[in-house]
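Data from final.cif: mmCIF, C-alpha atoms
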```cif
data_work
#
loop_
_atom_site.group_PDB
_atom_site.id
_atom_site.type_symbol
_atom_site.label_atom_id
_atom_site.label_comp_id
_atom_site.auth_asym_id
_atom_site.auth_seq_id
_atom_site.Cartn_x
_atom_site.Cartn_y
_atom_site.Cartn_z
ATOM 1 C CA MET A 1 23.152 -12.476 13.906
ATOM 2 C CA TRP A 2 25.031 -14.333 16.648
ATOM 3 C CA ARG A 3 21.739 -15.794 17.877
ATOM 4 C CA LEU A 4 20.938 -16.979 14.369
ATOM 5 C CA SER A 5 24.296 -18.741 13.940
ATOM 6 C CA GLU A 6 23.977 -20.354 17.372
ATOM 7 C CA SER A 7 20.519 -21.656 16.577
ATOM 8 C CA ILE A 8 21.559 -23.020 13.188
ATOM 9 C CA LEU A 9 24.513 -24.814 14.683
ATOM 10 C CA GLY A 10 22.354 -26.095 17.527
ATOM 11 C CA GLU A 11 24.622 -24.804 20.259
ATOM 12 C CA ASN A 12 21.842 -23.189 22.261
ATOM 13 C CA GLU A 13 18.494 -24.947 21.944
ATOM 14 C CA GLU A 14 16.741 -22.636 24.414
ATOM 15 C CA GLN A 15 17.430 -19.640 22.198
ATOM 16 C CA GLN A 16 16.339 -21.579 19.139
ATOM 17 C CA ASP A 17 12.751 -21.609 20.381
ATOM 18 C CA ASN A 18 12.826 -17.861 21.022
ATOM 19 C CA LEU A 19 14.581 -17.013 17.763
ATOM 20 C CA PHE A 20 11.570 -17.092 15.493
ATOM 21 C CA SER A 21 9.165 -15.703 18.052
ATOM 22 C CA ASP A 22 11.240 -12.523 18.332
ATOM 23 C CA GLN A 23 11.302 -11.068 14.826
ATOM 24 C CA GLU A 24 13.011 -7.889 16.013
ATOM 25 C CA ALA A 25 16.217 -9.830 16.712
ATOM 26 C CA LEU A 26 16.546 -10.926 13.095
ATOM 27 C CA CYS A 27 15.922 -7.570 11.473
ATOM 28 C CA SER A 28 16.199 -4.785 13.969
ATOM 29 C CA VAL A 29 16.030 -1.275 12.627
ATOM 30 C CA SER A 30 16.250 1.768 14.835
ATOM 31 C CA PRO A 31 13.215 4.060 15.062
ATOM 32 C CA LEU A 32 15.136 6.808 13.262
ATOM 33 C CA GLN A 33 16.021 4.430 10.413
ATOM 34 C CA ARG A 34 12.342 3.469 10.164
ATOM 35 C CA VAL A 35 11.366 7.121 9.818
ATOM 36 C CA TYR A 36 14.064 7.632 7.169
ATOM 37 C CA GLY A 37 12.852 4.589 5.248
ATOM 38 C CA PHE A 38 9.254 5.782 5.499
ATOM 39 C CA ALA A 39 10.168 9.280 4.318
ATOM 40 C CA ALA A 40 12.312 8.008 1.441
ATOM 41 C CA CYS A 41 9.663 5.568 0.226
ATOM 42 C CA LEU A 42 6.880 8.145 0.562
ATOM 43 C CA LEU A 43 8.953 10.781 -1.232
ATOM 44 C CA ALA A 44 9.780 8.335 -4.042
ATOM 45 C CA GLY A 45 6.075 7.545 -4.364
ATOM 46 C CA PHE A 46 5.141 11.226 -4.556
ATOM 47 C CA ILE A 47 7.890 11.847 -7.126
ATOM 48 C CA CYS A 48 6.560 8.995 -9.279
ATOM 49 C CA MET A 49 3.021 10.346 -8.980
ATOM 50 C CA PHE A 50 4.236 13.861 -9.889
ATOM 51 C CA LEU A 51 6.186 12.533 -12.867
ATOM 52 C CA SER A 52 3.083 10.659 -13.969
ATOM 53 C CA MET A 53 1.256 13.991 -14.217
ATOM 54 C CA ILE A 54 3.964 15.229 -16.585
ATOM 55 C CA VAL A 55 3.438 12.280 -18.941
ATOM 56 C CA PHE A 56 -0.364 12.439 -18.612
ATOM 57 C CA ILE A 57 -0.714 12.706 -22.403
ATOM 58 C CA LYS A 58 0.647 9.136 -22.712
ATOM 59 C CA PRO A 59 -1.765 7.033 -20.637
ATOM 60 C CA ILE A 60 0.391 3.911 -20.579
ATOM 61 C CA LYS A 61 3.417 5.696 -19.096
ATOM 62 C CA PHE A 62 1.065 7.606 -16.813
ATOM 63 C CA ALA A 63 -0.501 4.374 -15.542
ATOM 64 C CA LEU A 64 2.866 2.765 -14.840
ATOM 65 C CA LEU A 65 4.310 5.739 -12.970
ATOM 66 C CA PHE A 66 1.104 6.515 -11.110
ATOM 67 C CA THR A 67 0.516 2.919 -10.027
ATOM 68 C CA PHE A 68 4.134 2.460 -8.973
ATOM 69 C CA GLY A 69 3.969 5.731 -7.029
ATOM 70 C CA ASN A 70 0.791 4.602 -5.259
ATOM 71 C CA MET A 71 2.326 1.289 -4.292
ATOM 72 C CA LEU A 72 5.433 3.039 -2.943
ATOM 73 C CA ALA A 73 3.349 5.515 -0.953
ATOM 74 C CA ILE A 74 1.140 2.821 0.574
ATOM 75 C CA GLY A 75 4.129 0.548 1.161
ATOM 76 C CA SER A 76 5.992 3.311 2.967
ATOM 77 C CA THR A 77 3.949 2.717 6.108
ATOM 78 C CA THR A 78 5.492 -0.749 6.266
ATOM 79 C CA PHE A 79 8.653 0.903 7.570
ATOM 80 C CA LEU A 80 6.733 2.389 10.483
ATOM 81 C CA ILE A 81 4.513 -0.485 11.567
ATOM 82 C CA GLY A 82 6.130 -3.531 9.952
ATOM 83 C CA PRO A 83 4.940 -5.763 7.120
ATOM 84 C CA MET A 84 2.830 -8.139 9.206
ATOM 85 C CA GLN A 85 0.989 -5.308 10.969
ATOM 86 C CA GLN A 86 0.467 -3.582 7.599
ATOM 87 C CA LEU A 87 -1.039 -6.731 6.091
ATOM 88 C CA SER A 88 -3.220 -7.380 9.126
ATOM 89 C CA MET A 89 -4.518 -3.792 8.978
ATOM 90 C CA MET A 90 -5.210 -4.119 5.267
ATOM 91 C CA MET A 91 -7.108 -7.372 5.817
ATOM 92 C CA ASP A 92 -9.085 -5.973 8.750
ATOM 93 C CA PRO A 93 -12.812 -6.618 8.132
ATOM 94 C CA VAL A 94 -13.399 -2.869 7.873
ATOM 95 C CA ARG A 95 -10.822 -2.537 5.067
ATOM 96 C CA ALA A 96 -10.857 -5.944 3.389
ATOM 97 C CA TYR A 97 -13.301 -4.926 0.673
ATOM 98 C CA ALA A 98 -11.484 -1.644 -0.053
ATOM 99 C CA THR A 99 -8.107 -3.409 -0.064
ATOM 100 C CA SER A 100 -9.256 -6.088 -2.501
ATOM 101 C CA MET A 101 -10.814 -3.451 -4.766
ATOM 102 C CA TYR A 102 -7.610 -1.386 -4.688
ATOM 103 C CA VAL A 103 -5.392 -4.366 -5.488
ATOM 104 C CA GLY A 104 -7.795 -5.367 -8.269
ATOM 105 C CA CYS A 105 -7.699 -1.874 -9.786
ATOM 106 C CA VAL A 106 -3.903 -1.785 -9.608
ATOM 107 C CA VAL A 107 -3.703 -5.133 -11.393
ATOM 108 C CA LEU A 108 -6.314 -4.017 -13.935
ATOM 109 C CA ALA A 109 -4.425 -0.776 -14.660
ATOM 110 C CA LEU A 110 -1.177 -2.660 -15.155
ATOM 111 C CA ILE A 111 -2.836 -5.247 -17.414
ATOM 112 C CA CYS A 112 -4.437 -2.512 -19.523
ATOM 113 C CA ALA A 113 -1.156 -0.611 -19.768
ATOM 114 C CA LEU A 114 1.320 -3.452 -20.266
ATOM 115 C CA TRP A 115 -0.591 -6.259 -21.920
ATOM 116 C CA ILE A 116 -3.581 -4.769 -23.754
ATOM 117 C CA HIS A 117 -1.918 -1.414 -24.644
ATOM 118 C CA SER A 118 -5.269 0.345 -24.715
ATOM 119 C CA LYS A 119 -5.103 4.013 -23.795
ATOM 120 C CA ILE A 120 -8.843 4.321 -23.103
ATOM 121 C CA LEU A 121 -8.994 1.212 -20.897
ATOM 122 C CA THR A 122 -5.829 2.306 -19.091
ATOM 123 C CA LEU A 123 -7.308 5.724 -18.389
ATOM 124 C CA LEU A 124 -10.552 4.167 -17.115
ATOM 125 C CA ALA A 125 -8.599 1.773 -14.911
ATOM 126 C CA ILE A 126 -6.576 4.666 -13.476
ATOM 127 C CA ILE A 127 -9.758 6.630 -12.721
ATOM 128 C CA CYS A 128 -11.137 3.573 -10.927
ATOM 129 C CA GLU A 129 -7.823 3.166 -9.094
ATOM 130 C CA ILE A 130 -7.935 6.779 -7.873
ATOM 131 C CA CYS A 131 -11.533 6.424 -6.670
ATOM 132 C CA VAL A 132 -10.796 3.186 -4.834
ATOM 133 C CA LEU A 133 -7.601 4.668 -3.358
ATOM 134 C CA VAL A 134 -9.639 7.551 -1.920
ATOM 135 C CA TRP A 135 -12.183 5.067 -0.522
ATOM 136 C CA TYR A 136 -9.371 2.920 0.919
ATOM 137 C CA SER A 137 -7.715 5.972 2.495
ATOM 138 C CA LEU A 138 -11.015 7.051 4.040
ATOM 139 C CA SER A 139 -11.162 3.714 5.873
ATOM 140 C CA TYR A 140 -8.314 4.892 8.108
ATOM 141 C CA ILE A 141 -10.256 7.984 9.242
ATOM 142 C CA PRO A 142 -13.016 7.216 11.752
ATOM 143 C CA PHE A 143 -16.511 7.704 10.286
ATOM 144 C CA ALA A 144 -15.109 9.239 7.068
ATOM 145 C CA ARG A 145 -16.665 6.683 4.717
ATOM 146 C CA ARG A 146 -20.047 7.032 6.425
ATOM 147 C CA MET A 147 -19.839 10.807 6.087
ATOM 148 C CA VAL A 148 -18.975 10.597 2.377
ATOM 149 C CA SER A 149 -21.834 8.135 1.844
ATOM 150 C CA ASN A 150 -24.276 10.485 3.584
ATOM 151 C CA VAL A 151 -23.080 13.423 1.472
ATOM 152 C CA THR A 152 -23.494 11.464 -1.771
ATOM 153 C CA ILE A 153 -26.970 10.367 -0.719
ATOM 154 C CA ARG A 154 -28.007 13.958 -0.124
ATOM 155 C CA LEU A 155 -26.343 15.392 -3.240
ATOM 156 C CA PHE A 156 -26.924 12.695 -5.824
ATOM 157 C CA ASP A 157 -29.650 10.571 -4.246
ATOM 158 C CA THR A 158 -27.350 7.535 -4.402
ATOM 159 C CA GLU A 159 -25.088 5.717 -1.939
ATOM 160 C CA ILE A 160 -21.473 4.690 -2.395
#
```
Can I see the file as structure tokens?
Amino acid sequence: MWRLSESILGENEEQQDNLFSDQEALCSVSPLQRVYGFAACLLAGFICMFLSMIVFIKPIKFALLFTFGNMLAIGSTTFLIGPMQQLSMMMDPVRAYATSMYVGCVVLALICALWIHSKILTLLAIICEICVLVWYSLSYIPFARRMVSNVTIRLFDTEI
């Protein structure tokens, strides 16, 4: 914080150049605090997903809780690796398609639940969201998507 006030006041111009290049100085969190934040966010996401199973009979409430729980669970890794690293990993050429499909399904589920109020469309959007979330998660495991594609080719004579 002292470095920030010095750079704003212009007292130390040498540190001003280094201020924005070193993001850790502005928002430093200890490794233990990062793990606590990760665990809390992940736990909150799992609780929301569990609560969504309780209200499964009401698809709109289910979609809201389930989608919010998914976003919390995926966002929890931001505490461990940082927001910029998380975004760069999500936009990696290997994951860019899966990420865009996941974000699209999340938006579609929320639109169906909040704006259209259609239970059938909301349920279909949630099923699509779950499938894309599995596909997105498989992108973090080496060769997992290729293995799933080979299994679907052999079982159903079609490729994912």
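Put simply, CA of Leu87 in chain A is 15.9 Å away from CA of Gly104 in chain A.
Proximity to range 40-42 of chain A at 7 Å, evaluated using only C-alpha atoms and with sequence-adjacent residues fewer than 6 positions away removed, yields Leu72, Ala73 and Ser76 of chain A.
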With all atoms listed in the file as the counted atoms, please give the residues lying no more than 7 Å from range 132-139 of chain A, apart from itself and same-chain residues fewer than 2 positions off, as a PDB file with C-alpha atoms, in the coordinates of the input.
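Contents of the output file part18.pdb:
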```
ATOM      1  CA  ARG A  95     -10.822  -2.537   5.067  1.00  0.00           C
ATOM      2  CA  ALA A  98     -11.484  -1.644  -0.053  1.00  0.00           C
ATOM      3  CA  THR A  99      -8.107  -3.409  -0.064  1.00  0.00           C
ATOM      4  CA  MET A 101     -10.814  -3.451  -4.766  1.00  0.00           C
ATOM      5  CA  TYR A 102      -7.610  -1.386  -4.688  1.00  0.00           C
ATOM      6  CA  CYS A 128     -11.137   3.573 -10.927  1.00  0.00           C
ATOM      7  CA  GLU A 129      -7.823   3.166  -9.094  1.00  0.00           C
ATOM      8  CA  ILE A 130      -7.935   6.779  -7.873  1.00  0.00           C
ATOM      9  CA  ILE A 141     -10.256   7.984   9.242  1.00  0.00           C
ATOM     10  CA  ALA A 144     -15.109   9.239   7.068  1.00  0.00           C
ATOM     11  CA  ARG A 145     -16.665   6.683   4.717  1.00  0.00           C
TER      12      ARG A 145
END
```
Find, counting all atoms listed in the file, the residue in A:Ile120, A:Ile81, A:Ala125, A:Ile57 that gets nearest to Val103 in chain A. A:Ala125
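Straight-line separation from CA of Phe62 in chain A to CA of His117 in chain A: 12.3 Å.
All residues of protein, DNA or RNA that reach within 12 Å of Ser118 in chain A, judged by all atoms listed in the file and not counting those fewer than 4 positions away in the chain, are Lys58, Pro59, Ile60, Lys61, Ala63, Leu108, Ala109, Leu110, Ile111, Cys112, Ala113, Leu114, Thr122, Leu123, Leu124 and Ala125 of chain A.
One finds CA of Phe50 in chain A at 8.1 Å from CA of Phe66 in chain A.
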